[in-house]
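Q: Below is target.cif; it holds mmCIF, C-alpha atoms; chains and numbers go by the auth columns.
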```cif
data_entry
loop_
_atom_site.group_PDB
_atom_site.id
_atom_site.type_symbol
_atom_site.label_atom_id
_atom_site.label_comp_id
_atom_site.label_asym_id
_atom_site.label_seq_id
_atom_site.Cartn_x
_atom_site.Cartn_y
_atom_site.Cartn_z
_atom_site.B_iso_or_equiv
_atom_site.auth_seq_id
_atom_site.auth_asym_id
ATOM 1 C CA MET A 1 -147.203 30.119 -167.051 0.00 1 A
ATOM 2 C CA SER A 2 -149.183 29.363 -163.916 0.00 2 A
ATOM 3 C CA ARG A 3 -148.486 31.861 -161.142 0.00 3 A
ATOM 4 C CA ILE A 4 -148.539 29.144 -158.507 0.00 4 A
ATOM 5 C CA GLY A 5 -146.912 26.472 -160.676 0.00 5 A
ATOM 6 C CA LYS A 6 -143.818 28.535 -161.466 0.00 6 A
ATOM 7 C CA GLN A 7 -142.997 29.157 -157.794 0.00 7 A
ATOM 8 C CA ILE A 8 -140.010 27.228 -156.467 0.00 8 A
ATOM 9 C CA ILE A 9 -140.477 24.923 -153.458 0.00 9 A
ATOM 10 C CA LYS A 10 -137.778 25.332 -150.797 0.00 10 A
ATOM 11 C CA ILE A 11 -136.882 22.119 -148.971 0.00 11 A
ATOM 12 C CA PRO A 12 -136.262 22.708 -145.219 0.00 12 A
ATOM 13 C CA ALA A 13 -133.420 21.052 -143.318 0.00 13 A
ATOM 14 C CA GLY A 14 -134.177 17.497 -142.218 0.00 14 A
ATOM 15 C CA VAL A 15 -136.427 16.731 -145.196 0.00 15 A
ATOM 16 C CA ASN A 16 -135.221 14.310 -147.879 0.00 16 A
ATOM 17 C CA VAL A 17 -136.690 14.146 -151.389 0.00 17 A
ATOM 18 C CA GLU A 18 -136.432 11.004 -153.509 0.00 18 A
ATOM 19 C CA LEU A 19 -137.279 11.649 -157.132 0.00 19 A
ATOM 20 C CA THR A 20 -137.923 9.134 -159.907 0.00 20 A
ATOM 21 C CA GLU A 21 -139.568 9.611 -163.292 0.00 21 A
ATOM 22 C CA LEU A 22 -142.872 8.279 -161.987 0.00 22 A
ATOM 23 C CA ASN A 23 -143.167 9.595 -158.429 0.00 23 A
ATOM 24 C CA VAL A 24 -141.958 11.974 -155.721 0.00 24 A
ATOM 25 C CA LYS A 25 -141.278 10.718 -152.205 0.00 25 A
ATOM 26 C CA VAL A 26 -140.777 13.195 -149.373 0.00 26 A
ATOM 27 C CA LYS A 27 -139.425 11.958 -146.037 0.00 27 A
ATOM 28 C CA GLY A 28 -139.116 14.144 -142.953 0.00 28 A
ATOM 29 C CA PRO A 29 -139.216 14.049 -139.158 0.00 29 A
ATOM 30 C CA LYS A 30 -143.036 13.725 -139.027 0.00 30 A
ATOM 31 C CA GLY A 31 -143.316 10.968 -141.652 0.00 31 A
ATOM 32 C CA GLU A 32 -143.166 10.248 -145.353 0.00 32 A
ATOM 33 C CA ILE A 33 -145.532 10.806 -148.280 0.00 33 A
ATOM 34 C CA ALA A 34 -145.343 9.674 -151.903 0.00 34 A
ATOM 35 C CA ARG A 35 -147.261 10.898 -154.937 0.00 35 A
ATOM 36 C CA ASP A 36 -147.258 9.919 -158.602 0.00 36 A
ATOM 37 C CA ILE A 37 -146.101 12.555 -161.093 0.00 37 A
ATOM 38 C CA PRO A 38 -148.567 13.241 -163.928 0.00 38 A
ATOM 39 C CA SER A 39 -147.149 12.338 -167.345 0.00 39 A
ATOM 40 C CA CYS A 40 -147.502 15.932 -168.614 0.00 40 A
ATOM 41 C CA LEU A 41 -145.240 17.370 -165.866 0.00 41 A
ATOM 42 C CA SER A 42 -141.647 16.936 -164.752 0.00 42 A
ATOM 43 C CA VAL A 43 -140.022 17.677 -161.397 0.00 43 A
ATOM 44 C CA VAL A 44 -136.515 19.154 -161.166 0.00 44 A
ATOM 45 C CA PHE A 45 -134.527 18.870 -157.916 0.00 45 A
ATOM 46 C CA ASN A 46 -131.679 21.371 -157.412 0.00 46 A
ATOM 47 C CA LYS A 47 -129.330 19.854 -154.799 0.00 47 A
ATOM 48 C CA ASP A 48 -127.168 22.998 -154.490 0.00 48 A
ATOM 49 C CA GLU A 49 -130.047 25.275 -153.455 0.00 49 A
ATOM 50 C CA ASN A 50 -132.161 22.411 -152.011 0.00 50 A
ATOM 51 C CA THR A 51 -135.240 23.345 -154.062 0.00 51 A
ATOM 52 C CA LEU A 52 -137.861 21.670 -156.227 0.00 52 A
ATOM 53 C CA GLN A 53 -139.400 23.076 -159.382 0.00 53 A
ATOM 54 C CA ILE A 54 -142.386 21.748 -161.332 0.00 54 A
ATOM 55 C CA LEU A 55 -142.160 22.137 -165.121 0.00 55 A
ATOM 56 C CA ARG A 56 -144.592 21.389 -167.955 0.00 56 A
ATOM 57 C CA LYS A 57 -143.515 19.107 -170.793 0.00 57 A
ATOM 58 C CA ALA A 58 -146.097 20.529 -173.199 0.00 58 A
ATOM 59 C CA GLU A 59 -148.306 23.616 -173.437 0.00 59 A
ATOM 60 C CA ASN A 60 -151.688 21.922 -173.758 0.00 60 A
ATOM 61 C CA ILE A 61 -154.791 22.559 -171.652 0.00 61 A
ATOM 62 C CA THR A 62 -154.400 19.540 -169.375 0.00 62 A
ATOM 63 C CA SER A 63 -150.825 20.297 -168.413 0.00 63 A
ATOM 64 C CA ARG A 64 -151.731 23.935 -167.728 0.00 64 A
ATOM 65 C CA GLU A 65 -154.628 22.825 -165.526 0.00 65 A
ATOM 66 C CA ILE A 66 -152.532 20.378 -163.501 0.00 66 A
ATOM 67 C CA HIS A 67 -149.388 22.530 -163.188 0.00 67 A
ATOM 68 C CA GLY A 68 -150.423 24.754 -160.261 0.00 68 A
ATOM 69 C CA LEU A 69 -152.371 21.977 -158.550 0.00 69 A
ATOM 70 C CA PHE A 70 -149.447 19.559 -158.541 0.00 70 A
ATOM 71 C CA ARG A 71 -147.066 22.249 -157.269 0.00 71 A
ATOM 72 C CA SER A 72 -149.428 22.905 -154.335 0.00 72 A
ATOM 73 C CA LEU A 73 -149.709 19.187 -153.607 0.00 73 A
ATOM 74 C CA VAL A 74 -145.921 18.735 -153.551 0.00 74 A
ATOM 75 C CA SER A 75 -145.550 21.836 -151.380 0.00 75 A
ATOM 76 C CA ASN A 76 -148.087 20.392 -148.920 0.00 76 A
ATOM 77 C CA MET A 77 -146.099 17.135 -148.888 0.00 77 A
ATOM 78 C CA VAL A 78 -142.940 19.038 -147.888 0.00 78 A
ATOM 79 C CA ILE A 79 -144.741 21.059 -145.190 0.00 79 A
ATOM 80 C CA GLY A 80 -146.552 17.981 -143.855 0.00 80 A
ATOM 81 C CA SER A 81 -143.419 15.866 -143.558 0.00 81 A
ATOM 82 C CA SER A 82 -141.528 18.661 -141.774 0.00 82 A
ATOM 83 C CA THR A 83 -144.144 20.257 -139.473 0.00 83 A
ATOM 84 C CA GLY A 84 -147.421 18.361 -140.031 0.00 84 A
ATOM 85 C CA PHE A 85 -150.984 19.636 -140.277 0.00 85 A
ATOM 86 C CA THR A 86 -153.533 20.116 -137.494 0.00 86 A
ATOM 87 C CA LYS A 87 -157.265 20.838 -137.376 0.00 87 A
ATOM 88 C CA VAL A 88 -159.066 21.615 -134.122 0.00 88 A
ATOM 89 C CA LEU A 89 -162.802 21.038 -133.639 0.00 89 A
ATOM 90 C CA GLU A 90 -165.031 22.334 -130.837 0.00 90 A
ATOM 91 C CA LEU A 91 -168.227 20.773 -129.551 0.00 91 A
ATOM 92 C CA LYS A 92 -170.864 23.310 -128.513 0.00 92 A
ATOM 93 C CA GLY A 93 -174.078 22.199 -126.883 0.00 93 A
ATOM 94 C CA VAL A 94 -175.420 20.948 -123.574 0.00 94 A
ATOM 95 C CA GLY A 95 -174.116 17.431 -122.915 0.00 95 A
ATOM 96 C CA TYR A 96 -171.949 17.312 -126.037 0.00 96 A
ATOM 97 C CA LYS A 97 -168.674 15.544 -125.287 0.00 97 A
ATOM 98 C CA ALA A 98 -165.978 13.408 -126.881 0.00 98 A
ATOM 99 C CA ASN A 99 -163.535 10.800 -125.628 0.00 99 A
ATOM 100 C CA MET A 100 -160.966 8.421 -127.100 0.00 100 A
ATOM 101 C CA ASP A 101 -160.929 4.634 -126.814 0.00 101 A
ATOM 102 C CA LYS A 102 -157.490 3.636 -128.212 0.00 102 A
ATOM 103 C CA THR A 103 -157.876 4.737 -131.870 0.00 103 A
ATOM 104 C CA THR A 104 -161.666 5.214 -131.840 0.00 104 A
ATOM 105 C CA LEU A 105 -163.284 8.584 -131.243 0.00 105 A
ATOM 106 C CA ASN A 106 -166.596 8.398 -129.344 0.00 106 A
ATOM 107 C CA LEU A 107 -168.917 11.385 -129.779 0.00 107 A
ATOM 108 C CA SER A 108 -171.994 12.165 -127.694 0.00 108 A
ATOM 109 C CA VAL A 109 -173.702 14.920 -129.666 0.00 109 A
ATOM 110 C CA GLY A 110 -177.386 14.701 -128.815 0.00 110 A
ATOM 111 C CA TYR A 111 -178.293 11.395 -130.455 0.00 111 A
ATOM 112 C CA THR A 112 -179.608 8.354 -128.569 0.00 112 A
ATOM 113 C CA HIS A 113 -176.399 6.470 -129.294 0.00 113 A
ATOM 114 C CA PRO A 114 -172.703 7.445 -129.279 0.00 114 A
ATOM 115 C CA ILE A 115 -171.081 7.964 -132.678 0.00 115 A
ATOM 116 C CA LYS A 116 -167.826 6.055 -133.205 0.00 116 A
ATOM 117 C CA ILE A 117 -165.203 7.206 -135.711 0.00 117 A
ATOM 118 C CA GLU A 118 -162.095 5.122 -136.343 0.00 118 A
ATOM 119 C CA ALA A 119 -158.843 7.031 -136.934 0.00 119 A
ATOM 120 C CA PRO A 120 -157.282 5.950 -140.264 0.00 120 A
ATOM 121 C CA GLU A 121 -153.618 5.078 -140.595 0.00 121 A
ATOM 122 C CA GLY A 122 -151.343 8.124 -140.386 0.00 122 A
ATOM 123 C CA ILE A 123 -153.906 10.316 -138.572 0.00 123 A
ATOM 124 C CA GLN A 124 -153.785 11.020 -134.840 0.00 124 A
ATOM 125 C CA ILE A 125 -156.958 12.089 -133.072 0.00 125 A
ATOM 126 C CA SER A 126 -156.734 13.404 -129.521 0.00 126 A
ATOM 127 C CA VAL A 127 -159.319 14.884 -127.178 0.00 127 A
ATOM 128 C CA GLU A 128 -157.835 17.886 -125.348 0.00 128 A
ATOM 129 C CA SER A 129 -160.797 18.469 -123.050 0.00 129 A
ATOM 130 C CA ASN A 130 -164.265 16.955 -123.282 0.00 130 A
ATOM 131 C CA THR A 131 -165.210 19.455 -125.982 0.00 131 A
ATOM 132 C CA ILE A 132 -162.016 20.016 -128.008 0.00 132 A
ATOM 133 C CA ILE A 133 -160.860 17.473 -130.615 0.00 133 A
ATOM 134 C CA LYS A 134 -157.418 17.791 -132.230 0.00 134 A
ATOM 135 C CA ILE A 135 -156.741 15.996 -135.523 0.00 135 A
ATOM 136 C CA SER A 136 -153.165 15.906 -136.779 0.00 136 A
ATOM 137 C CA GLY A 137 -151.186 14.116 -139.459 0.00 137 A
ATOM 138 C CA VAL A 138 -148.750 14.392 -142.332 0.00 138 A
ATOM 139 C CA ASN A 139 -151.248 14.397 -145.212 0.00 139 A
ATOM 140 C CA LYS A 140 -153.264 17.633 -145.430 0.00 140 A
ATOM 141 C CA GLU A 141 -156.028 15.979 -147.485 0.00 141 A
ATOM 142 C CA LYS A 142 -156.623 13.200 -144.938 0.00 142 A
ATOM 143 C CA VAL A 143 -156.565 15.579 -141.951 0.00 143 A
ATOM 144 C CA GLY A 144 -159.176 17.825 -143.601 0.00 144 A
ATOM 145 C CA LEU A 145 -161.301 14.866 -144.684 0.00 145 A
ATOM 146 C CA ILE A 146 -161.453 13.340 -141.191 0.00 146 A
ATOM 147 C CA ALA A 147 -162.208 16.758 -139.658 0.00 147 A
ATOM 148 C CA GLN A 148 -165.051 17.232 -142.155 0.00 148 A
ATOM 149 C CA GLN A 149 -166.416 13.737 -141.452 0.00 149 A
ATOM 150 C CA ILE A 150 -166.486 14.430 -137.708 0.00 150 A
ATOM 151 C CA ARG A 151 -168.109 17.836 -138.294 0.00 151 A
ATOM 152 C CA SER A 152 -170.779 16.289 -140.553 0.00 152 A
ATOM 153 C CA LYS A 153 -172.078 14.112 -137.693 0.00 153 A
ATOM 154 C CA ARG A 154 -173.626 17.237 -136.117 0.00 154 A
ATOM 155 C CA PRO A 155 -173.084 20.373 -138.235 0.00 155 A
ATOM 156 C CA PRO A 156 -173.621 23.690 -136.441 0.00 156 A
ATOM 157 C CA GLU A 157 -177.151 25.029 -136.622 0.00 157 A
ATOM 158 C CA PRO A 158 -177.878 28.755 -136.989 0.00 158 A
ATOM 159 C CA TYR A 159 -180.530 29.210 -134.262 0.00 159 A
ATOM 160 C CA LYS A 160 -178.710 28.159 -131.098 0.00 160 A
ATOM 161 C CA GLY A 161 -175.194 27.703 -132.498 0.00 161 A
ATOM 162 C CA LYS A 162 -174.963 24.088 -131.294 0.00 162 A
ATOM 163 C CA GLY A 163 -172.937 21.458 -133.123 0.00 163 A
ATOM 164 C CA VAL A 164 -169.374 20.575 -134.108 0.00 164 A
ATOM 165 C CA LEU A 165 -167.425 23.630 -135.287 0.00 165 A
ATOM 166 C CA TYR A 166 -163.900 24.299 -136.487 0.00 166 A
ATOM 167 C CA GLN A 167 -161.968 26.303 -133.907 0.00 167 A
ATOM 168 C CA GLY A 168 -162.495 30.001 -134.575 0.00 168 A
ATOM 169 C CA GLU A 169 -165.465 29.391 -136.919 0.00 169 A
ATOM 170 C CA VAL A 170 -168.206 31.978 -136.599 0.00 170 A
ATOM 171 C CA ILE A 171 -171.778 30.855 -137.168 0.00 171 A
ATOM 172 C CA GLN A 172 -174.189 33.480 -138.481 0.00 172 A
ATOM 173 C CA ARG A 173 -177.078 33.350 -136.037 0.00 173 A
ATOM 174 C CA LYS A 174 -180.675 33.651 -137.206 0.00 174 A
ATOM 175 C CA VAL A 175 -183.531 35.151 -135.276 0.00 175 A
ATOM 176 C CA GLY A 176 -186.092 32.545 -134.275 0.00 176 A
ATOM 177 C CA LYS A 177 -189.862 32.893 -134.387 0.00 177 A
ATOM 178 C CA SER A 178 -191.223 36.124 -133.021 0.00 178 A
ATOM 179 C CA SER A 179 -194.702 36.703 -131.667 0.00 179 A
ATOM 180 C CA LYS A 180 -196.661 39.833 -132.569 0.00 180 A
#
```
Would you put the structure from the file into structure tokens?
A:
Amino acid sequence: MSRIGKQIIKIPAGVNVELTELNVKVKGPKGEIARDIPSCLSVVFNKDENTLQILRKAENITSREIHGLFRSLVSNMVIGSSTGFTKVLELKGVGYKANMDKTTLNLSVGYTHPIKIEAPEGIQISVESNTIIKISGVNKEKVGLIAQQIRSKRPPEPYKGKGVLYQGEVIQRKVGKSSK
């Protein structure tokens, strides 16, 4: 049995779970998410204890591989619909700044032109100050993907530490050229 897959998912107050044979739909105060259930797994909803449990239908390799993964995905759906997910990015460098134009993020990160990134549906991007970008949403995968896409426009470099960093990220600095 998978150590992660056998854990029971507790449903917090205010979150509703709709379960069919083919998919799971989780609806909460922050939004709703749906996901298809793999054919080798089944989901059991206990209304008395307000919990979800993921079970395998068979003991083959594929179902064992997917068991823990699907449990984590459903758990992230419950957390996202109740509290949401947030990633914070920092811009470090002289003249690096960001601003919002409706749903478009404009980045000035040392190129000759501003970089424009459109916020997809279900993701909110806000600029706290000129150098702090906050990405939030219900779906953990989408929030992380958009944060990574923004970071990839100017990844941090190890000599001066300039670039787009996750908040709290530590860049290992290298020593530059030295003269003898």
Q: Give the answer as one residue: which of A:Ile33, A:Ile4, A:Ile117, A:Met100 has the shortest atom-to-atom distance to Leu69 of chain A, using all atoms listed in the file?
A: A:Ile4
Q: Find the residues near segment 122-126 of chain A: any atom within 9 Å, counting all atoms listed in the file, skip ones fewer than 3 places away on the same chain, and give them as a list in words.
A: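 Counting all atoms listed in the file, the residues come to Gly31, Asn99, Met100, Thr103, Thr104, Leu105, Ala119, Ile132, Ile133, Lys134, Ile135, Ser136, Gly137, Val138, Asn139, Lys142, Val143 and Ile146 of chain A.
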Q: Export, as a CSV table (one decimal), in the frame of the given file, the selected residues with C-alpha atoms.
A:
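The result, stored in selection-v3.csv:
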```
chain,number,residue,atom,x,y,z
A,31,GLY,CA,-143.3,11.0,-141.7
A,99,ASN,CA,-163.5,10.8,-125.6
A,100,MET,CA,-161.0,8.4,-127.1
A,103,THR,CA,-157.9,4.7,-131.9
A,104,THR,CA,-161.7,5.2,-131.8
A,105,LEU,CA,-163.3,8.6,-131.2
A,119,ALA,CA,-158.8,7.0,-136.9
A,132,ILE,CA,-162.0,20.0,-128.0
A,133,ILE,CA,-160.9,17.5,-130.6
A,134,LYS,CA,-157.4,17.8,-132.2
A,135,ILE,CA,-156.7,16.0,-135.5
A,136,SER,CA,-153.2,15.9,-136.8
A,137,GLY,CA,-151.2,14.1,-139.5
A,138,VAL,CA,-148.8,14.4,-142.3
A,139,ASN,CA,-151.2,14.4,-145.2
A,142,LYS,CA,-156.6,13.2,-144.9
A,143,VAL,CA,-156.6,15.6,-142.0
A,146,ILE,CA,-161.5,13.3,-141.2
```
Q: Which is closest to Glu118 of chain A among A:Thr62, A:Lys27, A:Gln149, A:Leu91, if we use all atoms listed in the file?
A: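 Checking each of A:Thr62, A:Lys27, A:Gln149, A:Leu91 against Glu118 of chain A, counting all atoms listed in the file, the winner is A:Gln149.
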Q: Please expand the PyMOL selection byres ((chain A and resi 173) around 7) into the concrete residues it hits in this file, giving the result as a list of chain:residue names.
A: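 Selection result, ordered by chain and number: A:Pro158, A:Tyr159, A:Gly161, A:Ile171, A:Gln172, A:Lys174, A:Val175.
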Q: Export, as a short mmCIF file (atom, residue, chain, number, x, y, z; two decimals), in the coordinates of the input, the selected residues with C-alpha atoms.
A:
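Generated output (part-v3.cif):
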```cif
data_model
loop_
_atom_site.label_atom_id
_atom_site.label_comp_id
_atom_site.auth_asym_id
_atom_site.auth_seq_id
_atom_site.Cartn_x
_atom_site.Cartn_y
_atom_site.Cartn_z
CA PRO A 158 -177.88 28.76 -136.99
CA TYR A 159 -180.53 29.21 -134.26
CA GLY A 161 -175.19 27.70 -132.50
CA ILE A 171 -171.78 30.86 -137.17
CA GLN A 172 -174.19 33.48 -138.48
CA LYS A 174 -180.68 33.65 -137.21
CA VAL A 175 -183.53 35.15 -135.28
#
```
Q: Using all atoms listed in the file, find all polymer residues with an atom at most 12 Å away from the point (-147.8, 19.8, -164.7); report them as number ranges by chain.
A: A: 1-2, 4-6, 36-44, 53-74
Q: Those residues you just picked out, can you put them in a file as an mmCIF file, in the frame of the given file with C-alpha atoms?
A:
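Saved result, selection_13.cif, follows:
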```
data_model
loop_
_atom_site.group_PDB
_atom_site.id
_atom_site.type_symbol
_atom_site.label_atom_id
_atom_site.label_comp_id
_atom_site.auth_asym_id
_atom_site.auth_seq_id
_atom_site.Cartn_x
_atom_site.Cartn_y
_atom_site.Cartn_z
ATOM 1 C CA MET A 1 -147.203 30.119 -167.051
ATOM 2 C CA SER A 2 -149.183 29.363 -163.916
ATOM 3 C CA ILE A 4 -148.539 29.144 -158.507
ATOM 4 C CA GLY A 5 -146.912 26.472 -160.676
ATOM 5 C CA LYS A 6 -143.818 28.535 -161.466
ATOM 6 C CA ASP A 36 -147.258 9.919 -158.602
ATOM 7 C CA ILE A 37 -146.101 12.555 -161.093
ATOM 8 C CA PRO A 38 -148.567 13.241 -163.928
ATOM 9 C CA SER A 39 -147.149 12.338 -167.345
ATOM 10 C CA CYS A 40 -147.502 15.932 -168.614
ATOM 11 C CA LEU A 41 -145.240 17.370 -165.866
ATOM 12 C CA SER A 42 -141.647 16.936 -164.752
ATOM 13 C CA VAL A 43 -140.022 17.677 -161.397
ATOM 14 C CA VAL A 44 -136.515 19.154 -161.166
ATOM 15 C CA GLN A 53 -139.400 23.076 -159.382
ATOM 16 C CA ILE A 54 -142.386 21.748 -161.332
ATOM 17 C CA LEU A 55 -142.160 22.137 -165.121
ATOM 18 C CA ARG A 56 -144.592 21.389 -167.955
ATOM 19 C CA LYS A 57 -143.515 19.107 -170.793
ATOM 20 C CA ALA A 58 -146.097 20.529 -173.199
ATOM 21 C CA GLU A 59 -148.306 23.616 -173.437
ATOM 22 C CA ASN A 60 -151.688 21.922 -173.758
ATOM 23 C CA ILE A 61 -154.791 22.559 -171.652
ATOM 24 C CA THR A 62 -154.400 19.540 -169.375
ATOM 25 C CA SER A 63 -150.825 20.297 -168.413
ATOM 26 C CA ARG A 64 -151.731 23.935 -167.728
ATOM 27 C CA GLU A 65 -154.628 22.825 -165.526
ATOM 28 C CA ILE A 66 -152.532 20.378 -163.501
ATOM 29 C CA HIS A 67 -149.388 22.530 -163.188
ATOM 30 C CA GLY A 68 -150.423 24.754 -160.261
ATOM 31 C CA LEU A 69 -152.371 21.977 -158.550
ATOM 32 C CA PHE A 70 -149.447 19.559 -158.541
ATOM 33 C CA ARG A 71 -147.066 22.249 -157.269
ATOM 34 C CA SER A 72 -149.428 22.905 -154.335
ATOM 35 C CA LEU A 73 -149.709 19.187 -153.607
ATOM 36 C CA VAL A 74 -145.921 18.735 -153.551
#
```
Q: Which residues fall under the PyMOL selection byres ((chain A and resi 169) around 12) in this file, as a VMD selection string?
A: chain A and resid 87 to 92 151 155 to 156 161 163 to 168 170 to 172
Q: Would you kindly place all heavy atoms on segment 40-48 of chain A and return the model as a PDB file, in the coordinates of the input?
A:
```
ATOM      1  N   CYS A  40    -147.701  14.666-167.903  1.00  0.00           N
ATOM      2  CA  CYS A  40    -147.502  15.932-168.614  1.00  0.00           C
ATOM      3  C   CYS A  40    -146.586  16.899-167.855  1.00  0.00           C
ATOM      4  O   CYS A  40    -146.299  17.985-168.344  1.00  0.00           O
ATOM      5  CB  CYS A  40    -148.848  16.585-168.901  1.00  0.00           C
ATOM      6  SG  CYS A  40    -149.819  16.901-167.434  1.00  0.00           S
ATOM      7  N   LEU A  41    -146.104  16.509-166.675  1.00  0.00           N
ATOM      8  CA  LEU A  41    -145.240  17.370-165.866  1.00  0.00           C
ATOM      9  C   LEU A  41    -143.921  16.680-165.579  1.00  0.00           C
ATOM     10  O   LEU A  41    -143.804  15.464-165.657  1.00  0.00           O
ATOM     11  CB  LEU A  41    -145.917  17.722-164.543  1.00  0.00           C
ATOM     12  CG  LEU A  41    -147.238  18.473-164.598  1.00  0.00           C
ATOM     13  CD1 LEU A  41    -147.786  18.656-163.203  1.00  0.00           C
ATOM     14  CD2 LEU A  41    -147.080  19.808-165.274  1.00  0.00           C
ATOM     15  N   SER A  42    -142.923  17.479-165.215  1.00  0.00           N
ATOM     16  CA  SER A  42    -141.647  16.936-164.752  1.00  0.00           C
ATOM     17  C   SER A  42    -141.217  17.721-163.516  1.00  0.00           C
ATOM     18  O   SER A  42    -141.546  18.898-163.363  1.00  0.00           O
ATOM     19  CB  SER A  42    -140.583  17.033-165.840  1.00  0.00           C
ATOM     20  OG  SER A  42    -140.325  18.378-166.139  1.00  0.00           O
ATOM     21  N   VAL A  43    -140.485  17.061-162.633  1.00  0.00           N
ATOM     22  CA  VAL A  43    -140.022  17.677-161.397  1.00  0.00           C
ATOM     23  C   VAL A  43    -138.503  17.749-161.443  1.00  0.00           C
ATOM     24  O   VAL A  43    -137.835  16.760-161.745  1.00  0.00           O
ATOM     25  CB  VAL A  43    -140.485  16.866-160.162  1.00  0.00           C
ATOM     26  CG1 VAL A  43    -140.022  17.518-158.871  1.00  0.00           C
ATOM     27  CG2 VAL A  43    -141.998  16.719-160.162  1.00  0.00           C
ATOM     28  N   VAL A  44    -137.957  18.937-161.146  1.00  0.00           N
ATOM     29  CA  VAL A  44    -136.515  19.154-161.166  1.00  0.00           C
ATOM     30  C   VAL A  44    -136.059  19.455-159.748  1.00  0.00           C
ATOM     31  O   VAL A  44    -136.600  20.343-159.086  1.00  0.00           O
ATOM     32  CB  VAL A  44    -136.144  20.335-162.096  1.00  0.00           C
ATOM     33  CG1 VAL A  44    -134.656  20.608-162.065  1.00  0.00           C
ATOM     34  CG2 VAL A  44    -136.633  20.064-163.504  1.00  0.00           C
ATOM     35  N   PHE A  45    -135.070  18.694-159.263  1.00  0.00           N
ATOM     36  CA  PHE A  45    -134.527  18.870-157.916  1.00  0.00           C
ATOM     37  C   PHE A  45    -133.147  19.495-158.016  1.00  0.00           C
ATOM     38  O   PHE A  45    -132.250  18.938-158.644  1.00  0.00           O
ATOM     39  CB  PHE A  45    -134.466  17.524-157.191  1.00  0.00           C
ATOM     40  CG  PHE A  45    -133.929  17.610-155.794  1.00  0.00           C
ATOM     41  CD1 PHE A  45    -134.512  18.444-154.864  1.00  0.00           C
ATOM     42  CD2 PHE A  45    -132.849  16.848-155.409  1.00  0.00           C
ATOM     43  CE1 PHE A  45    -134.029  18.515-153.563  1.00  0.00           C
ATOM     44  CE2 PHE A  45    -132.352  16.908-154.119  1.00  0.00           C
ATOM     45  CZ  PHE A  45    -132.949  17.743-153.195  1.00  0.00           C
ATOM     46  N   ASN A  46    -132.962  20.669-157.420  1.00  0.00           N
ATOM     47  CA  ASN A  46    -131.679  21.371-157.412  1.00  0.00           C
ATOM     48  C   ASN A  46    -131.011  21.093-156.069  1.00  0.00           C
ATOM     49  O   ASN A  46    -131.423  21.632-155.042  1.00  0.00           O
ATOM     50  CB  ASN A  46    -131.897  22.862-157.628  1.00  0.00           C
ATOM     51  CG  ASN A  46    -130.599  23.610-157.797  1.00  0.00           C
ATOM     52  OD1 ASN A  46    -129.525  23.095-157.497  1.00  0.00           O
ATOM     53  ND2 ASN A  46    -130.698  24.835-158.285  1.00  0.00           N
ATOM     54  N   LYS A  47    -129.980  20.249-156.055  1.00  0.00           N
ATOM     55  CA  LYS A  47    -129.330  19.854-154.799  1.00  0.00           C
ATOM     56  C   LYS A  47    -128.526  20.997-154.183  1.00  0.00           C
ATOM     57  O   LYS A  47    -128.385  21.071-152.963  1.00  0.00           O
ATOM     58  CB  LYS A  47    -128.416  18.648-155.025  1.00  0.00           C
ATOM     59  CG  LYS A  47    -129.175  17.390-155.322  1.00  0.00           C
ATOM     60  CD  LYS A  47    -128.252  16.214-155.460  1.00  0.00           C
ATOM     61  CE  LYS A  47    -129.070  14.973-155.786  1.00  0.00           C
ATOM     62  NZ  LYS A  47    -128.258  13.777-155.936  1.00  0.00           N
ATOM     63  N   ASP A  48    -127.977  21.899-155.013  1.00  0.00           N
ATOM     64  CA  ASP A  48    -127.168  22.998-154.490  1.00  0.00           C
ATOM     65  C   ASP A  48    -128.011  23.954-153.648  1.00  0.00           C
ATOM     66  O   ASP A  48    -127.618  24.344-152.551  1.00  0.00           O
ATOM     67  CB  ASP A  48    -126.505  23.772-155.632  1.00  0.00           C
ATOM     68  CG  ASP A  48    -125.575  22.899-156.451  1.00  0.00           C
ATOM     69  OD1 ASP A  48    -125.060  21.906-155.891  1.00  0.00           O
ATOM     70  OD2 ASP A  48    -125.382  23.206-157.646  1.00  0.00           O
TER      71      ASP A  48
END
```
